[in-house]
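Trainee: Sending over a structure as structure tokens; questions will come in a sec.
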There are 2 protein chains.
Amino acid sequence: MKLYCATTNKGKLREFRLAAERFGGGIEIETVPGLERIEPPEEHGETFEENAIAKAVYYSRYAPGPLFADDSGLEVDALGGDPGVRSARYAGPGATDAENNRLLLEQMRGAKNRAARFVCVVALAERGRLLGSFRGTVEGQLLEAPRGENGFGYDPLFYYPPFGCSLAEASAEQKLSVSHRGKAIEAMLRWLAGGRARAG
Amino acid sequence: MKLYCATTNKGKLREFRLAAERFGGGIEIETVPGLERIEPPEEHGETFEENAIAKAVYYSRYAPGPLFADDSGLEVDALGGDPGVRSARYAGPGATDAENNRLLLEQMRGAKNRAARFVCVVALAERGRLLGSFRGTVEGQLLEAPRGENGFGYDPLFYYPPFGCSLAEASAEQKLSVSHRGKAIEAMLRWLAGGRARAG
């Protein structure tokens, strides 16, 4: 089946497609032609769920089949859960990954408690109606300097103890097998594959 | 394990306990002592997810273990999805089931399209941190007069075609096996029982 995706972020899209391939079942992830020309809804939610749901419901009106949208970010315990839903724009609107990473390192200078988690919520909707939302998280520790060239976002600062390296040092396959995004999308694909008739 | 529940609605609590019993695995659903004396968060969300999540995160700070909260309601196609998140207060703050049912019948007088669905979202949180949310729905048709004495809320007006009766004419067991609430709680219990380590 074809599953439409609201993201225009190439890094995320790559991860979604890799996850669908790993899961099997012949699910193809497609973007919606012309989506980048549609005025996006504002992301004012206080939770990843609110933002992912708003995007999925909104964009699903423009898709010929079920569509999912994601919202994700980094929660840092020492910063009271920041940057959270503001992760992508932590250093300001349109901030680059490098600027956001720099600001995070500054905020964390000298912090003893470096526990953090990535959170991803994927929401699934069809013709303007929400079908469900699926959450995945991964727990790690913030490094004091970036490590690795893979991934994107805060990956270079996110040390994942079971791997003994940052998520930017892991391969795409490795990262996806443990990541917030990998878990959220897998939960959605499991639901689509088996649970939909019962859960829906 | 003990699972705490934020609801003070006896009808819902009964359904949650019955669902846990059916599911097995020794999960006991407990209320939080003194919860009714804690100032509740306001329910201003535009989605069931927002309200369920706000309640779960808030009340979980007062519970000694994982706590869930639900938000649920009736979406009527001919009313553009109303009463939706306002189902419990459709006829005004503190409205009774009978008042809400009466208003719904009035609004639907003469409507040809009587398609409606119950939606339930259960959100699960622990010590102020959201673990996930789980959605269940059930599709039906609105009757032109109430039928049956079981259940609560809009059940007497909700005709469920596979049963050939309203949800207020079905037994509690029957209703739970197909209901929005039954499906949402089952999704949460499945996640707790098996998927938590992987999904979490």
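For the structure tokens, the naming scheme is as follows: chains receive sequential letters (A, B, ...) according to their order of presentation, residues are indexed from 1 within each chain, and ligands are indexed from 1 in presentation order.
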Please produce, as JSON lines, a per-residue contact table for chain B versus chain A (criterion: any atom at most 8 Å away, only C-alpha atoms considered), showing the nearest atom pair and its distance in Å to one decimal, sorted by chain then residue number.
Mentor:
{"residue": "B:Glu49", "atom": "CA", "partner": "A:Glu49", "partner_atom": "CA", "distance": 7.4}
{"residue": "B:Glu50", "atom": "CA", "partner": "A:Glu50", "partner_atom": "CA", "distance": 6.4}
{"residue": "B:Leu131", "atom": "CA", "partner": "A:Arg135", "partner_atom": "CA", "distance": 7.7}
{"residue": "B:Gly132", "atom": "CA", "partner": "A:Arg135", "partner_atom": "CA", "distance": 5.7}
{"residue": "B:Ser133", "atom": "CA", "partner": "A:Ser133", "partner_atom": "CA", "distance": 7.0}
{"residue": "B:Phe134", "atom": "CA", "partner": "A:Gly132", "partner_atom": "CA", "distance": 7.2}
{"residue": "B:Arg135", "atom": "CA", "partner": "A:Gly132", "partner_atom": "CA", "distance": 5.7}
{"residue": "B:Gly136", "atom": "CA", "partner": "A:Ala199", "partner_atom": "CA", "distance": 5.8}
{"residue": "B:Thr137", "atom": "CA", "partner": "A:Gly200", "partner_atom": "CA", "distance": 5.6}
{"residue": "B:Val138", "atom": "CA", "partner": "A:Gly200", "partner_atom": "CA", "distance": 7.0}
{"residue": "B:Lys183", "atom": "CA", "partner": "A:Ala199", "partner_atom": "CA", "distance": 5.7}
{"residue": "B:Ala184", "atom": "CA", "partner": "A:Ala199", "partner_atom": "CA", "distance": 7.6}
{"residue": "B:Ala187", "atom": "CA", "partner": "A:Ala199", "partner_atom": "CA", "distance": 7.7}
{"residue": "B:Arg198", "atom": "CA", "partner": "A:Lys183", "partner_atom": "CA", "distance": 7.6}
{"residue": "B:Ala199", "atom": "CA", "partner": "A:Lys183", "partner_atom": "CA", "distance": 5.7}
{"residue": "B:Gly200", "atom": "CA", "partner": "A:Thr137", "partner_atom": "CA", "distance": 5.6}
Trainee: What would the file look like if the residues just selected were written as a CSV table (one decimal), in the first residue's frame with C-alpha atoms?
Mentor:
chain,number,residue,atom,x,y,z
B,49,GLU,CA,-5.3,13.5,22.6
B,50,GLU,CA,-4.6,17.0,24.0
B,131,LEU,CA,4.7,7.5,27.9
B,132,GLY,CA,2.2,7.3,25.0
B,133,SER,CA,-1.4,7.7,24.0
B,134,PHE,CA,-3.8,5.1,22.6
B,135,ARG,CA,-6.8,5.7,20.4
B,136,GLY,CA,-9.9,3.5,19.9
B,137,THR,CA,-13.0,4.2,17.8
B,138,VAL,CA,-16.3,2.5,17.1
B,183,LYS,CA,-10.0,-0.8,22.1
B,184,ALA,CA,-8.0,2.2,23.5
B,187,ALA,CA,-4.0,-1.0,23.0
B,198,ARG,CA,10.9,-2.1,22.8
B,199,ALA,CA,8.7,0.9,22.2
B,200,GLY,CA,9.8,2.9,25.2
Trainee: Would you please give, as a PyMOL selection string, all residues of segment 7-166 of chain B that DSSP assigns to helix (DSSP H, G or I) based on the backbone?
Mentor: chain B and resi 10-23+35-37+48-60+77-79+84-89+97-107+155-157
Trainee: So that I can see what lies close to Asp82 of chain B, please list as a ChimeraX atom specification the residues with an atom at most 10 Å from it, counting only C-alpha atoms and leaving out residues fewer than 6 positions away in the same chain.
Mentor: /B:73-76,90,104,116
Trainee: Those same residues, written as an mmCIF file, in the first residue's frame with N, CA and C atoms?
Mentor:
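Produced file out_5.cif, reproduced below:
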data_model
loop_
_atom_site.group_PDB
_atom_site.id
_atom_site.type_symbol
_atom_site.label_atom_id
_atom_site.label_comp_id
_atom_site.auth_asym_id
_atom_site.auth_seq_id
_atom_site.Cartn_x
_atom_site.Cartn_y
_atom_site.Cartn_z
ATOM 1 N N GLY B 73 -15.484 10.915 23.456
ATOM 2 C CA GLY B 73 -16.655 11.644 23.027
ATOM 3 C C GLY B 73 -17.231 11.074 21.756
ATOM 4 N N LEU B 74 -18.250 11.773 21.269
ATOM 5 C CA LEU B 74 -18.995 11.330 20.105
ATOM 6 C C LEU B 74 -18.766 12.314 18.956
ATOM 7 N N GLU B 75 -18.390 11.799 17.794
ATOM 8 C CA GLU B 75 -18.252 12.650 16.609
ATOM 9 C C GLU B 75 -19.396 12.329 15.644
ATOM 10 N N VAL B 76 -20.162 13.342 15.280
ATOM 11 C CA VAL B 76 -21.300 13.129 14.389
ATOM 12 C C VAL B 76 -20.990 13.796 13.043
ATOM 13 N N TYR B 90 -22.018 19.153 26.332
ATOM 14 C CA TYR B 90 -22.701 19.607 25.109
ATOM 15 C C TYR B 90 -23.860 20.539 25.441
ATOM 16 N N LEU B 104 -28.796 16.474 21.467
ATOM 17 C CA LEU B 104 -28.302 15.797 20.260
ATOM 18 C C LEU B 104 -29.467 15.404 19.354
ATOM 19 N N ALA B 116 -22.027 8.242 12.966
ATOM 20 C CA ALA B 116 -21.336 8.813 14.118
ATOM 21 C C ALA B 116 -20.313 7.812 14.614
#
Trainee: Contacts of Leu167 of chain A at 7 Å or less, counting only C-alpha atoms, minus same-chain residues fewer than 2 places along, as a PyMOL selection string?
Mentor: chain A and resi 151+155-156+158-160+165+169-170+175
Trainee: Output the selection as a PDB file, in the first residue's frame - N, CA and C atoms for each residue.
Mentor:
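Result saved to part-v4.pdb:
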ATOM      1  N   GLY A 151      23.591  10.979  10.435  1.00  0.00           N
ATOM      2  CA  GLY A 151      22.380  11.503  11.068  1.00  0.00           C
ATOM      3  C   GLY A 151      22.209  12.980  10.804  1.00  0.00           C
ATOM      4  N   ASP A 155      21.929  14.607  16.749  1.00  0.00           N
ATOM      5  CA  ASP A 155      22.581  13.293  16.794  1.00  0.00           C
ATOM      6  C   ASP A 155      24.056  13.343  17.248  1.00  0.00           C
ATOM      7  N   PRO A 156      24.866  14.329  16.790  1.00  0.00           N
ATOM      8  CA  PRO A 156      26.287  14.325  17.163  1.00  0.00           C
ATOM      9  C   PRO A 156      26.530  14.535  18.662  1.00  0.00           C
ATOM     10  N   PHE A 158      24.399  13.289  21.008  1.00  0.00           N
ATOM     11  CA  PHE A 158      23.585  12.310  21.734  1.00  0.00           C
ATOM     12  C   PHE A 158      24.312  10.972  21.817  1.00  0.00           C
ATOM     13  N   TYR A 159      24.879  10.728  22.993  1.00  0.00           N
ATOM     14  CA  TYR A 159      25.616   9.477  23.239  1.00  0.00           C
ATOM     15  C   TYR A 159      24.622   8.392  23.641  1.00  0.00           C
ATOM     16  N   TYR A 160      24.683   7.265  22.947  1.00  0.00           N
ATOM     17  CA  TYR A 160      23.761   6.164  23.233  1.00  0.00           C
ATOM     18  C   TYR A 160      24.547   5.032  23.884  1.00  0.00           C
ATOM     19  N   CYS A 165      28.652   4.929  21.438  1.00  0.00           N
ATOM     20  CA  CYS A 165      29.014   6.028  20.528  1.00  0.00           C
ATOM     21  C   CYS A 165      27.821   6.969  20.396  1.00  0.00           C
ATOM     22  N   GLU A 169      27.540   8.690  15.032  1.00  0.00           N
ATOM     23  CA  GLU A 169      28.626   7.743  14.725  1.00  0.00           C
ATOM     24  C   GLU A 169      28.059   6.376  14.316  1.00  0.00           C
ATOM     25  N   ALA A 170      26.779   6.152  14.632  1.00  0.00           N
ATOM     26  CA  ALA A 170      26.139   4.883  14.249  1.00  0.00           C
ATOM     27  C   ALA A 170      25.755   4.931  12.775  1.00  0.00           C
ATOM     28  N   LYS A 175      21.136   3.117  13.864  1.00  0.00           N
ATOM     29  CA  LYS A 175      20.393   4.184  14.538  1.00  0.00           C
ATOM     30  C   LYS A 175      18.887   3.884  14.505  1.00  0.00           C
TER      31      LYS A 175
END
Trainee: Given only C-alpha atoms as the basis, pick out the residue of B:Ala168, B:Cys5, B:Leu143, B:Leu176 nearest to Glu36 of chain B.
Mentor: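 Smallest separation from Glu36 of chain B among the options: B:Cys5.
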Trainee: Any idea what's packed within 9 Å of Arg17 of chain A, counting only C-alpha atoms, ignoring anything in its chain fewer than 3 positions away? Could you give it as a ChimeraX atom specification?
Mentor: /A:12-14,20-22,28-30
